[in-house]
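Novice: For reference, the file start03.txt (compact mmCIF, C-alpha atoms) is included below:
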```
# COMPACT_ATOMS: atom_id res chain seq x y z
CA MET G 1 0.00 0.00 0.00
CA THR G 2 1.11 3.57 -0.58
CA ARG G 3 1.29 5.97 2.36
CA GLN G 4 -1.71 7.76 0.86
CA GLN G 5 -3.71 4.53 0.81
CA VAL G 6 -2.81 3.78 4.42
CA LEU G 7 -3.99 7.24 5.41
CA ASP G 8 -7.21 6.84 3.44
CA LEU G 9 -7.91 3.53 5.18
CA TYR G 10 -6.83 4.24 8.74
CA PHE G 11 -6.57 7.98 9.43
CA MET G 12 -10.10 8.50 10.73
CA GLU G 13 -9.84 5.49 13.05
CA ALA G 14 -6.47 6.63 14.38
CA ARG G 15 -7.78 10.19 14.79
CA ALA G 16 -10.67 8.92 16.89
CA ARG G 17 -8.31 6.89 19.09
CA LEU G 18 -5.99 9.88 19.47
CA ILE G 19 -8.84 12.03 20.75
CA ASP G 20 -9.91 9.20 23.07
CA LEU G 21 -6.37 9.13 24.41
CA GLY G 22 -6.48 12.88 25.08
CA ALA G 23 -9.84 12.52 26.77
CA PHE G 24 -8.49 9.70 28.94
CA LEU G 25 -5.57 11.88 30.11
CA ASP G 26 -7.99 14.75 30.85
CA ARG G 27 -10.19 12.34 32.84
CA VAL G 28 -7.26 11.06 34.89
CA GLU G 29 -5.97 14.57 35.56
CA ARG G 30 -9.42 15.85 36.55
CA ALA G 31 -9.81 13.09 39.11
CA SER G 32 -8.58 13.44 42.70
CA GLY G 33 -5.86 11.31 44.30
CA GLU G 34 -2.49 10.04 43.19
CA GLU G 35 -1.50 8.24 40.01
CA ASP G 36 0.13 4.84 40.25
CA PHE G 37 2.76 2.92 38.27
CA ARG G 38 0.31 2.35 35.41
CA MET G 39 0.20 6.04 34.53
CA ARG G 40 3.97 6.35 34.91
CA ALA G 41 4.33 3.55 32.38
CA PHE G 42 1.63 5.04 30.18
CA ARG G 43 3.37 8.42 30.02
CA LYS G 44 6.70 6.74 29.23
CA ALA G 45 5.00 4.81 26.45
CA LEU G 46 3.44 8.00 25.09
CA ALA G 47 6.90 9.53 24.87
CA GLU G 48 7.98 6.63 22.67
CA LEU G 49 5.42 7.69 20.07
CA SER G 50 7.07 11.06 19.51
CA ARG G 51 10.64 9.81 19.18
CA GLY G 52 10.37 9.66 15.40
CA GLU G 53 11.77 6.16 15.13
CA ARG G 54 10.05 3.15 13.60
CA ASP G 55 8.63 0.17 15.53
CA HIS G 56 6.35 2.37 17.63
CA ALA G 57 4.07 -0.51 18.63
CA ARG G 58 6.95 -2.75 19.68
CA ARG G 59 8.61 0.01 21.69
CA VAL G 60 5.35 0.85 23.48
CA LEU G 61 4.91 -2.82 24.38
CA LEU G 62 8.47 -2.98 25.70
CA VAL G 63 7.91 0.03 27.96
CA LEU G 64 4.80 -1.66 29.39
CA SER G 65 6.58 -5.00 29.94
CA ASP G 66 8.31 -6.59 32.92
CA PRO G 67 12.00 -6.34 31.92
CA THR G 68 13.26 -8.85 34.52
CA THR G 69 14.36 -12.34 33.55
CA ASP G 70 14.12 -14.59 36.63
CA PRO G 71 10.91 -16.48 37.51
CA ILE G 72 9.15 -15.13 40.60
CA ASP G 73 8.82 -17.27 43.74
CA LYS G 74 5.03 -17.48 43.74
CA ALA G 75 2.23 -16.16 41.52
CA PRO G 76 0.54 -13.31 43.44
CA GLY G 77 -2.76 -13.96 41.67
CA LYS G 78 -3.89 -14.70 38.16
CA GLY G 79 -4.49 -11.35 36.47
CA ALA G 80 -2.31 -8.84 34.66
CA VAL G 81 -2.86 -5.07 34.84
CA GLY G 82 -1.12 -3.85 31.67
CA ALA G 83 2.00 -2.26 33.11
CA TRP G 84 4.92 -3.41 35.23
CA PRO G 85 4.71 -2.27 38.88
CA GLY G 86 8.47 -1.63 38.93
CA THR G 87 8.18 1.17 36.36
CA THR G 88 9.91 4.34 37.64
CA MET H 1 -14.19 -18.08 1.94
CA ARG H 2 -12.96 -20.99 4.03
CA TYR H 3 -11.08 -20.79 7.30
CA ILE H 4 -9.94 -22.85 10.26
CA GLU H 5 -10.50 -21.59 13.80
CA PRO H 6 -7.35 -23.04 15.39
CA HIS H 7 -8.02 -21.74 18.91
CA GLY H 8 -11.56 -21.33 20.23
CA HIS H 9 -12.88 -22.15 23.71
CA MET H 10 -16.24 -23.35 22.49
CA VAL H 11 -17.42 -24.76 25.82
CA SER H 12 -17.85 -21.10 26.81
CA ARG H 13 -19.84 -20.15 23.72
CA VAL H 14 -23.50 -20.42 22.83
CA THR H 15 -24.78 -22.58 19.99
CA ASP H 16 -25.51 -19.48 17.88
CA ASP H 17 -21.74 -18.93 17.69
CA TYR H 18 -21.38 -22.31 15.98
CA VAL H 19 -24.05 -21.28 13.47
CA ASP H 20 -22.29 -17.96 12.77
CA MET H 21 -18.88 -19.59 12.38
CA VAL H 22 -20.10 -22.24 9.96
CA THR H 23 -22.04 -19.61 8.01
CA ALA H 24 -18.84 -17.55 7.72
CA GLY H 25 -16.93 -20.51 6.23
CA CYS H 26 -15.37 -22.22 9.24
CA GLN H 27 -14.15 -25.68 8.28
CA CYS H 28 -13.19 -26.89 11.74
CA VAL H 29 -12.56 -25.61 15.25
CA CYS H 30 -9.72 -26.59 17.61
CA GLU H 31 -10.21 -26.12 21.34
CA PRO H 32 -7.28 -25.96 23.77
CA ALA H 33 -7.92 -26.80 27.41
CA PHE H 34 -7.99 -23.67 29.52
CA TRP H 35 -9.03 -22.04 32.79
CA ALA H 36 -12.75 -22.01 33.49
CA GLY H 37 -12.65 -18.63 35.22
CA PHE H 38 -12.47 -20.36 38.60
CA ASP H 39 -10.09 -22.99 39.99
CA ARG H 40 -11.27 -26.57 39.71
CA SER H 41 -11.10 -28.25 43.10
CA SER H 42 -9.72 -31.65 42.08
CA ALA H 43 -8.33 -33.79 39.27
CA ASP H 44 -11.84 -35.22 38.91
CA GLY H 45 -12.98 -31.81 37.70
CA PHE H 46 -10.37 -31.99 34.94
CA HIS H 47 -11.41 -35.55 34.10
CA ASP H 48 -14.94 -34.30 33.49
CA TYR H 49 -13.63 -31.35 31.46
CA PHE H 50 -11.51 -33.65 29.28
CA CYS H 51 -14.63 -35.79 28.70
CA GLN H 52 -16.49 -32.64 27.71
CA LEU H 53 -13.73 -31.71 25.22
CA THR H 54 -13.48 -35.19 23.71
CA GLU H 55 -17.10 -36.38 23.81
CA HIS H 56 -19.74 -33.72 24.33
CA GLU H 57 -18.33 -30.70 22.48
CA PRO H 58 -17.54 -32.64 19.26
CA ARG H 59 -21.17 -33.80 19.24
CA ARG H 60 -22.44 -30.24 19.69
CA ALA H 61 -20.24 -29.01 16.81
CA ALA H 62 -21.21 -31.96 14.61
CA LYS H 63 -24.83 -30.82 14.67
CA PHE H 64 -23.67 -28.04 12.35
CA GLY H 65 -21.31 -30.20 10.30
CA LEU H 66 -18.27 -28.69 12.01
CA PRO H 67 -15.35 -30.98 12.94
CA HIS H 68 -14.13 -30.30 16.49
CA TYR H 69 -10.60 -31.04 17.75
CA CYS H 70 -9.02 -30.32 21.11
CA TRP H 71 -5.78 -30.03 23.10
CA LEU H 72 -5.38 -31.25 26.68
CA CYS H 73 -3.49 -29.88 29.70
CA ILE H 74 -3.87 -28.08 32.99
CA ASN H 75 -3.81 -24.40 32.07
CA PRO H 76 -1.00 -22.19 33.43
CA LYS H 77 -3.52 -20.22 35.50
CA GLU H 78 -3.98 -23.36 37.62
CA SER H 79 -0.32 -24.37 37.65
CA GLU H 80 0.66 -22.82 40.97
CA ASP H 81 -0.60 -25.96 42.70
CA VAL H 82 2.06 -28.44 41.56
CA ARG H 83 0.51 -31.44 43.32
CA LEU H 84 -2.83 -30.92 41.57
CA ALA H 85 -0.98 -30.42 38.28
CA GLU H 86 0.84 -33.74 38.74
CA GLU H 87 -2.48 -35.50 39.28
CA VAL H 88 -4.05 -33.88 36.24
CA ILE H 89 -1.05 -34.60 34.01
CA GLY H 90 -1.31 -38.18 35.24
CA ILE H 91 -4.79 -38.62 33.75
CA ILE H 92 -4.06 -36.99 30.38
CA PRO H 93 -2.43 -40.07 28.73
CA LYS H 94 -5.65 -42.06 28.87
CA PHE H 95 -7.31 -39.36 26.72
CA LEU H 96 -4.52 -38.96 24.15
CA ASP H 97 -5.75 -41.72 21.86
CA ARG H 98 -9.21 -40.20 21.51
CA PRO H 99 -9.91 -39.30 17.89
CA ASN H 100 -10.19 -35.50 18.28
CA VAL H 101 -7.12 -34.93 20.51
CA LEU H 102 -4.39 -33.01 18.67
CA GLY H 103 -1.78 -32.69 21.40
CA ILE H 104 -0.81 -30.94 24.63
CA GLY H 105 -2.07 -27.37 25.12
CA GLU H 106 -2.50 -24.64 25.87
CA ILE H 107 0.42 -24.98 28.24
CA GLY H 108 2.81 -22.19 29.16
CA LEU H 109 3.08 -19.51 31.82
CA ASN H 110 0.76 -16.95 33.39
CA LYS H 111 2.62 -14.96 36.07
CA ASN H 112 6.05 -16.49 35.33
CA SER H 113 6.42 -18.22 38.68
CA LYS H 114 8.73 -21.08 39.60
CA ASN H 115 5.83 -23.52 40.04
CA GLU H 116 4.34 -22.55 36.68
CA LEU H 117 7.74 -23.31 35.13
CA LYS H 118 7.85 -26.72 36.82
CA VAL H 119 4.41 -27.60 35.47
CA LEU H 120 5.36 -26.35 32.01
CA GLU H 121 8.38 -28.66 32.05
CA MET H 122 6.17 -31.58 33.11
CA HIS H 123 3.83 -30.92 30.18
CA VAL H 124 6.72 -30.61 27.74
CA ASP H 125 8.09 -33.91 29.02
CA LEU H 126 4.70 -35.58 28.53
CA ALA H 127 4.44 -34.21 24.99
CA ALA H 128 7.96 -35.39 24.16
CA ARG H 129 7.41 -38.89 25.61
CA THR H 130 4.15 -39.33 23.72
CA ALA H 131 5.15 -37.54 20.49
CA GLN H 132 2.39 -34.95 20.74
CA LEU H 133 2.11 -31.55 19.08
CA ILE H 134 2.38 -28.63 21.51
CA LEU H 135 0.31 -25.45 21.73
CA VAL H 136 1.76 -22.81 24.05
CA HIS H 137 -0.05 -19.94 25.78
CA THR H 138 2.15 -16.90 26.44
CA PRO H 139 1.29 -14.65 29.40
CA HIS H 140 -0.87 -11.56 29.29
CA LEU H 141 0.12 -7.92 28.96
CA GLU H 142 3.15 -6.90 31.08
CA ASP H 143 4.09 -10.55 31.70
CA LYS H 144 4.25 -11.61 28.04
CA LEU H 145 7.80 -10.55 27.16
CA LYS H 146 9.45 -12.25 30.12
CA GLY H 147 7.18 -15.29 29.88
CA THR H 148 7.84 -15.81 26.19
CA ARG H 149 11.59 -15.76 26.84
CA LEU H 150 11.26 -18.27 29.69
CA ILE H 151 9.03 -20.56 27.60
CA LEU H 152 11.45 -20.50 24.66
CA ASP H 153 14.27 -21.40 27.04
CA VAL H 154 12.34 -24.44 28.32
CA LEU H 155 11.49 -25.65 24.82
CA LYS H 156 14.96 -25.04 23.40
CA ASN H 157 16.62 -26.78 26.35
CA ASP H 158 14.69 -30.01 25.73
CA ARG H 159 16.45 -31.66 22.81
CA ARG H 160 13.47 -33.92 22.11
CA ILE H 161 11.33 -30.94 21.10
CA GLN H 162 11.03 -30.13 17.40
CA PRO H 163 10.19 -26.43 16.99
CA GLU H 164 8.16 -27.02 13.83
CA ARG H 165 5.76 -29.15 15.92
CA CYS H 166 5.14 -26.36 18.48
CA ILE H 167 3.06 -23.23 18.11
CA ILE H 168 3.66 -20.32 20.49
CA ASP H 169 0.38 -18.44 20.70
CA HIS H 170 -0.64 -14.86 21.53
CA VAL H 171 2.49 -13.26 20.03
CA GLU H 172 2.60 -9.49 19.58
CA GLU H 173 5.05 -7.05 18.03
CA HIS H 174 7.60 -7.46 20.85
CA THR H 175 7.62 -11.29 20.88
CA VAL H 176 6.96 -12.50 17.34
CA GLN H 177 10.54 -12.15 16.13
CA MET H 178 12.11 -14.27 18.89
CA VAL H 179 9.53 -17.03 18.34
CA LEU H 180 10.01 -17.21 14.57
CA ASP H 181 13.80 -16.90 14.84
CA ALA H 182 13.82 -19.98 17.09
CA GLY H 183 12.01 -22.00 14.41
CA PHE H 184 8.60 -22.23 16.12
CA TRP H 185 5.21 -21.43 14.66
CA ALA H 186 3.56 -18.28 16.03
CA GLY H 187 -0.12 -17.62 16.67
CA MET H 188 -1.75 -14.19 16.77
CA THR H 189 -4.87 -13.86 18.87
CA LEU H 190 -7.40 -11.30 17.70
CA TYR H 191 -8.96 -9.57 20.71
CA PRO H 192 -10.78 -6.25 20.87
CA GLU H 193 -8.67 -4.89 23.75
CA SER H 194 -5.68 -7.04 24.68
CA LYS H 195 -3.40 -9.06 22.39
CA CYS H 196 -3.71 -8.16 18.64
CA THR H 197 -6.29 -6.23 16.69
CA ALA H 198 -6.83 -7.41 13.11
CA ALA H 199 -4.96 -4.37 11.78
CA ARG H 200 -1.92 -5.09 13.97
CA ALA H 201 -1.95 -8.79 13.11
CA ILE H 202 -1.87 -7.92 9.42
CA ASP H 203 0.96 -5.44 10.06
CA ILE H 204 2.89 -8.36 11.56
CA ILE H 205 2.15 -10.57 8.54
CA GLU H 206 3.34 -7.79 6.22
CA GLN H 207 6.56 -7.38 8.18
CA TYR H 208 7.42 -10.98 9.06
CA GLY H 209 5.79 -12.95 6.23
CA SER H 210 3.15 -15.62 6.55
CA GLU H 211 5.34 -18.72 6.52
CA ARG H 212 4.79 -19.92 10.12
CA LEU H 213 1.97 -17.69 11.37
CA TRP H 214 -1.71 -18.25 12.06
CA MET H 215 -4.54 -16.13 13.42
CA ASN H 216 -7.17 -17.20 15.92
CA SER H 217 -10.06 -15.69 17.87
CA ALA H 218 -9.38 -17.54 21.16
CA CYS H 219 -13.04 -16.84 21.84
CA ASP H 220 -13.87 -17.75 25.43
CA TRP H 221 -16.00 -16.49 28.33
CA GLY H 222 -14.27 -13.08 28.30
CA VAL H 223 -14.39 -10.15 25.86
CA SER H 224 -13.72 -11.90 22.54
CA VAL H 225 -15.21 -12.30 19.06
CA PRO H 226 -15.87 -15.77 17.60
CA LEU H 227 -15.77 -14.35 14.06
CA ALA H 228 -12.49 -12.51 14.58
CA VAL H 229 -10.66 -14.61 11.95
CA PRO H 230 -13.10 -13.90 9.08
CA TYR H 231 -13.18 -10.23 10.14
CA ALA H 232 -9.37 -10.20 9.87
CA ALA H 233 -9.69 -11.76 6.42
CA LEU H 234 -11.95 -8.87 5.45
CA GLU H 235 -9.31 -6.46 6.76
CA MET H 236 -6.66 -8.19 4.62
CA ARG H 237 -8.95 -7.78 1.62
CA ARG H 238 -9.39 -4.05 2.34
CA ARG H 239 -5.61 -3.73 2.25
CA GLY H 240 -5.39 -5.41 -1.12
CA HIS H 241 -4.14 -8.86 -0.12
CA SER H 242 -5.00 -11.45 -2.76
CA ALA H 243 -7.57 -14.19 -2.24
CA ASP H 244 -4.71 -16.72 -2.30
CA ALA H 245 -2.76 -14.85 0.38
CA ILE H 246 -5.84 -14.68 2.60
CA ASP H 247 -6.57 -18.38 2.10
CA ARG H 248 -2.96 -19.22 2.95
CA MET H 249 -3.20 -17.27 6.19
CA ILE H 250 -6.58 -18.41 7.49
CA TYR H 251 -6.84 -21.93 6.04
CA GLN H 252 -3.67 -23.41 4.55
CA ASN H 253 -1.31 -22.38 7.37
CA PRO H 254 -3.32 -23.89 10.21
CA LEU H 255 -3.99 -26.90 8.00
CA ARG H 256 -0.24 -27.36 7.44
CA PHE H 257 0.62 -27.17 11.13
CA LEU H 258 -2.30 -29.24 12.41
CA SER H 259 -1.84 -31.94 9.75
CA GLN H 260 1.33 -32.93 11.56
CA CYS H 261 -1.09 -34.78 13.83
CA PRO H 262 -2.23 -37.82 11.83
CA LYS H 263 -5.68 -37.62 13.40
CA PHE H 264 -6.33 -34.20 11.87
CA LYS H 265 -8.36 -34.74 8.71
CA LEU H 266 -10.53 -32.26 6.86
CA ALA H 267 -12.95 -32.90 4.02
CA ARG H 268 -11.62 -31.28 0.83
CA THR H 269 -13.32 -27.94 0.11
```
Take the structure in the file and write it out as structure tokens.

Specialist:
Amino acid sequence: MTRQQVLDLYFMEARARLIDLGAFLDRVERASGEEDFRMRAFRKALAELSRGERDHARRVLLVLSDPTTDPIDKAPGKGAVGAWPGTT
Amino acid sequence: MRYIEPHGHMVSRVTDDYVDMVTAGCQCVCEPAFWAGFDRSSADGFHDYFCQLTEHEPRRAAKFGLPHYCWLCINPKESEDVRLAEEVIGIIPKFLDRPNVLGIGEIGLNKNSKNELKVLEMHVDLAARTAQLILVHTPHLEDKLKGTRLILDVLKNDRRIQPERCIIDHVEEHTVQMVLDAGFWAGMTLYPESKCTAARAIDIIEQYGSERLWMNSACDWGVSVPLAVPYAALEMRRRGHSADAIDRMIYQNPLRFLSQCPKFKLART
């Protein structure tokens, strides 16, 4: 596909998601209380999008991932939350 | 259009989903064993579940002319209890000869714990001893990268395992390369929120080729879409992929992998 064709096919969808993203940040910032590690990871991932390099999706996923390599002693539960609690 | 649903948890779905899938061109469905949303209290619970997968569910699918195959295991979400896992793994061999059993799956990791790893190794050993195909679940979200690495280490360290007979499922942009580079097949799960959207899955196909990739809906009791594979085919068509390329991705590729199990037979379409 040409870049023009990609834009014709996906721009409106991406535009809608971009506005949703802005609205989500507004919603979080309007709310009272403290953010947690998920928003720290989210903001780091957002920064990846403006770095001008390729592989945006992969780099976002890496920012949101547990970077450690050793198995943990015991599973704390079953679910995942979408970001690594150790994110600084 | 014809397609294979290589990963669908049909015990969680209503009969109307079977009707929709067959109407959309589904030629067969393959159902890995998984977590019911609650922990089963004993190995007897798994015995009943394996009977459901090998007796009842094939009959339900057959009412709509749809062949039903399955994979057996104790899912990683229930692998923290090693003693229970040993009991469950102990009853699997008596089901392996049943006509719709394709292999061991979906095994793998969930939270990447030491006990989960032990149980994964036990499953891999069972598959190697009994010459079964393997279907691997990789962890969710933040745990996927680490879990995929740990799983690949386990599989690569067992010299009996042939990568071309294993599919590592739920890959995304940050894990697909390592799976394909190690010689394994890779599955992309099409979910509305987590895992891959159709557009991202097709991006991956366009970047990595379609040689050892398949797509599945993994439809279950959670947010999921039983027709995700045909919807992805439509997305491929919108991007200008040929009918042959779409058929290769949604029918021929799963057919090629699954046909490594001699019990897997499909009527010619």

Novice: I'd like a table as JSON lines: residues in chain G with an atom no more than 10 Å from chain H, each row giving the shortest atom pair and its distance in Å to one decimal, only C-alpha atoms counted, sorted by chain and rising residue number.

Specialist:
```
{"residue": "G:Met1", "atom": "CA", "partner": "H:Arg239", "partner_atom": "CA", "distance": 7.1}
{"residue": "G:Gln5", "atom": "CA", "partner": "H:Arg239", "partner_atom": "CA", "distance": 8.6}
{"residue": "G:Val6", "atom": "CA", "partner": "H:Arg239", "partner_atom": "CA", "distance": 8.3}
{"residue": "G:Leu9", "atom": "CA", "partner": "H:Arg239", "partner_atom": "CA", "distance": 8.2}
{"residue": "G:Tyr10", "atom": "CA", "partner": "H:Ala199", "partner_atom": "CA", "distance": 9.3}
{"residue": "G:Asp55", "atom": "CA", "partner": "H:Glu173", "partner_atom": "CA", "distance": 8.4}
{"residue": "G:His56", "atom": "CA", "partner": "H:Glu173", "partner_atom": "CA", "distance": 9.5}
{"residue": "G:Ala57", "atom": "CA", "partner": "H:Glu173", "partner_atom": "CA", "distance": 6.6}
{"residue": "G:Arg58", "atom": "CA", "partner": "H:His174", "partner_atom": "CA", "distance": 4.9}
{"residue": "G:Arg59", "atom": "CA", "partner": "H:His174", "partner_atom": "CA", "distance": 7.6}
{"residue": "G:Val60", "atom": "CA", "partner": "H:His174", "partner_atom": "CA", "distance": 9.0}
{"residue": "G:Leu61", "atom": "CA", "partner": "H:His174", "partner_atom": "CA", "distance": 6.4}
{"residue": "G:Leu62", "atom": "CA", "partner": "H:His174", "partner_atom": "CA", "distance": 6.7}
{"residue": "G:Val63", "atom": "CA", "partner": "H:Glu142", "partner_atom": "CA", "distance": 9.0}
{"residue": "G:Leu64", "atom": "CA", "partner": "H:Glu142", "partner_atom": "CA", "distance": 5.7}
{"residue": "G:Ser65", "atom": "CA", "partner": "H:Glu142", "partner_atom": "CA", "distance": 4.1}
{"residue": "G:Asp66", "atom": "CA", "partner": "H:Glu142", "partner_atom": "CA", "distance": 5.5}
{"residue": "G:Pro67", "atom": "CA", "partner": "H:Lys146", "partner_atom": "CA", "distance": 6.7}
{"residue": "G:Thr68", "atom": "CA", "partner": "H:Lys146", "partner_atom": "CA", "distance": 6.7}
{"residue": "G:Thr69", "atom": "CA", "partner": "H:Lys146", "partner_atom": "CA", "distance": 6.0}
{"residue": "G:Asp70", "atom": "CA", "partner": "H:Lys146", "partner_atom": "CA", "distance": 8.3}
{"residue": "G:Pro71", "atom": "CA", "partner": "H:Ser113", "partner_atom": "CA", "distance": 5.0}
{"residue": "G:Ile72", "atom": "CA", "partner": "H:Ser113", "partner_atom": "CA", "distance": 4.5}
{"residue": "G:Asp73", "atom": "CA", "partner": "H:Lys114", "partner_atom": "CA", "distance": 5.6}
{"residue": "G:Lys74", "atom": "CA", "partner": "H:Ser113", "partner_atom": "CA", "distance": 5.3}
{"residue": "G:Ala75", "atom": "CA", "partner": "H:Ser113", "partner_atom": "CA", "distance": 5.5}
{"residue": "G:Pro76", "atom": "CA", "partner": "H:Lys111", "partner_atom": "CA", "distance": 7.8}
{"residue": "G:Gly77", "atom": "CA", "partner": "H:Lys111", "partner_atom": "CA", "distance": 7.8}
{"residue": "G:Lys78", "atom": "CA", "partner": "H:Lys77", "partner_atom": "CA", "distance": 6.1}
{"residue": "G:Gly79", "atom": "CA", "partner": "H:Lys111", "partner_atom": "CA", "distance": 8.0}
{"residue": "G:Ala80", "atom": "CA", "partner": "H:His140", "partner_atom": "CA", "distance": 6.2}
{"residue": "G:Val81", "atom": "CA", "partner": "H:Leu141", "partner_atom": "CA", "distance": 7.2}
{"residue": "G:Gly82", "atom": "CA", "partner": "H:Leu141", "partner_atom": "CA", "distance": 5.0}
{"residue": "G:Ala83", "atom": "CA", "partner": "H:Glu142", "partner_atom": "CA", "distance": 5.2}
{"residue": "G:Trp84", "atom": "CA", "partner": "H:Glu142", "partner_atom": "CA", "distance": 5.7}
{"residue": "G:Pro85", "atom": "CA", "partner": "H:Glu142", "partner_atom": "CA", "distance": 9.2}
```

Novice: Kindly give the distance, in Å, that separates CA of Ile91 in chain H and CA of Val136 in chain H, rounded to a single decimal.

Specialist: 19.7 Å

Novice: Quick one: of H:Cys26, H:Phe257, H:Ala131, H:Thr197, who's nearest to Phe184 in chain H, counting only C-alpha atoms?

Specialist: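 Closest residue, counting only C-alpha atoms: H:Phe257.
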
Novice: Give me, please, the distance in Å between CA of Glu87 in chain H and CA of Asp48 in chain H, quoted to one decimal.

Specialist: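 About the pair CA of Glu87 in chain H and CA of Asp48 in chain H: they are 13.8 Å apart.
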
Novice: Of the candidates H:Leu190, H:Met236, H:Met178, H:Val14, which shows the shortest atom-to-atom distance to Val223 in chain H, using only C-alpha atoms?

Specialist: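 Smallest separation from Val223 in chain H among the options: H:Leu190.
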
Novice: Just the number, please: distance in Å from CA of Ser41 in chain H to CA of Leu96 in chain H, one decimal.

Specialist: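 These atoms are spaced 22.7 Å apart.
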
Novice: Nearest to Asp247 in chain H: which of H:Phe50, H:Trp214, H:Phe264, H:Phe95 is it, counting all atoms listed in the file?

Specialist: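 Of all the options, H:Trp214 lies closest to Asp247 in chain H.
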
Novice: Considering all atoms listed in the file, state which residue in the set H:Pro93, H:Pro262, H:Gly37, H:Pro226 is at the smallest distance from Met21 in chain H.

Specialist: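 Answer, going by the shortest atom-to-atom distance: H:Pro226.
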
Novice: Which one of H:Pro67, H:Gly90, H:Gly222, H:Pro192 sits closest to Lys263 in chain H if you count only C-alpha atoms?

Specialist: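 Closest to Lys263 in chain H of all the choices is H:Pro67.
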
Novice: Residues at most 7 Å from Asp169 in chain H, counting all atoms listed in the file, excluding those fewer than 4 positions away in the same chain, as a VMD selection string?

Specialist: chain H and resid 136 to 138 186 to 188

Novice: Build an axis-aligned box that encloses every atom of range 74-88 of chain G listed in the file, pad it by 3 Å on each side, and report its centre and edge lengths in Å to one decimal, as lines of an AutoDock Vina configuration file.

Specialist:
```
center_x = 2.7
center_y = -6.6
center_z = 37.7
size_x = 20.4
size_y = 27.8
size_z = 18.1
```

Novice: Could you name the residues that touch Thr87 in chain G at 7 Å or less, counting all atoms listed in the file, but leaving out those on the same chain fewer than 3 positions away, as a PyMOL selection string?

Specialist: chain G and resi 37+40-41+84

Novice: Using only C-alpha atoms, which residues sit within 10 Å of Gln132 in chain H once same-chain residues fewer than 6 positions away are excluded, as number ranges by chain?

Specialist: H: 71, 96, 101-105, 124, 126, 161, 165-166, 260-261

Novice: Write out as a short mmCIF file (atom, residue, chain, number, x, y, z; two decimals) with C-alpha atoms, in the coordinates of the input the residues lying within 9 Å of Ala85 in chain H, counting all atoms listed in the file and excluding same-chain residues fewer than 6 positions away.

Specialist:
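Listing of part.cif after writing:
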```
data_model
loop_
_atom_site.label_atom_id
_atom_site.label_comp_id
_atom_site.auth_asym_id
_atom_site.auth_seq_id
_atom_site.Cartn_x
_atom_site.Cartn_y
_atom_site.Cartn_z
CA ALA H 43 -8.33 -33.79 39.27
CA CYS H 73 -3.49 -29.88 29.70
CA ILE H 74 -3.87 -28.08 32.99
CA GLU H 78 -3.98 -23.36 37.62
CA SER H 79 -0.32 -24.37 37.65
CA VAL H 119 4.41 -27.60 35.47
CA MET H 122 6.17 -31.58 33.11
#
```

Novice: Pick from H:Pro230, H:Gly209, H:Pro163, H:Pro32: nearest to Asn75 in chain H, with all atoms listed in the file counted?

Specialist: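 Of H:Pro230, H:Gly209, H:Pro163, H:Pro32, the one nearest Asn75 in chain H is H:Pro32, counting all atoms listed in the file.
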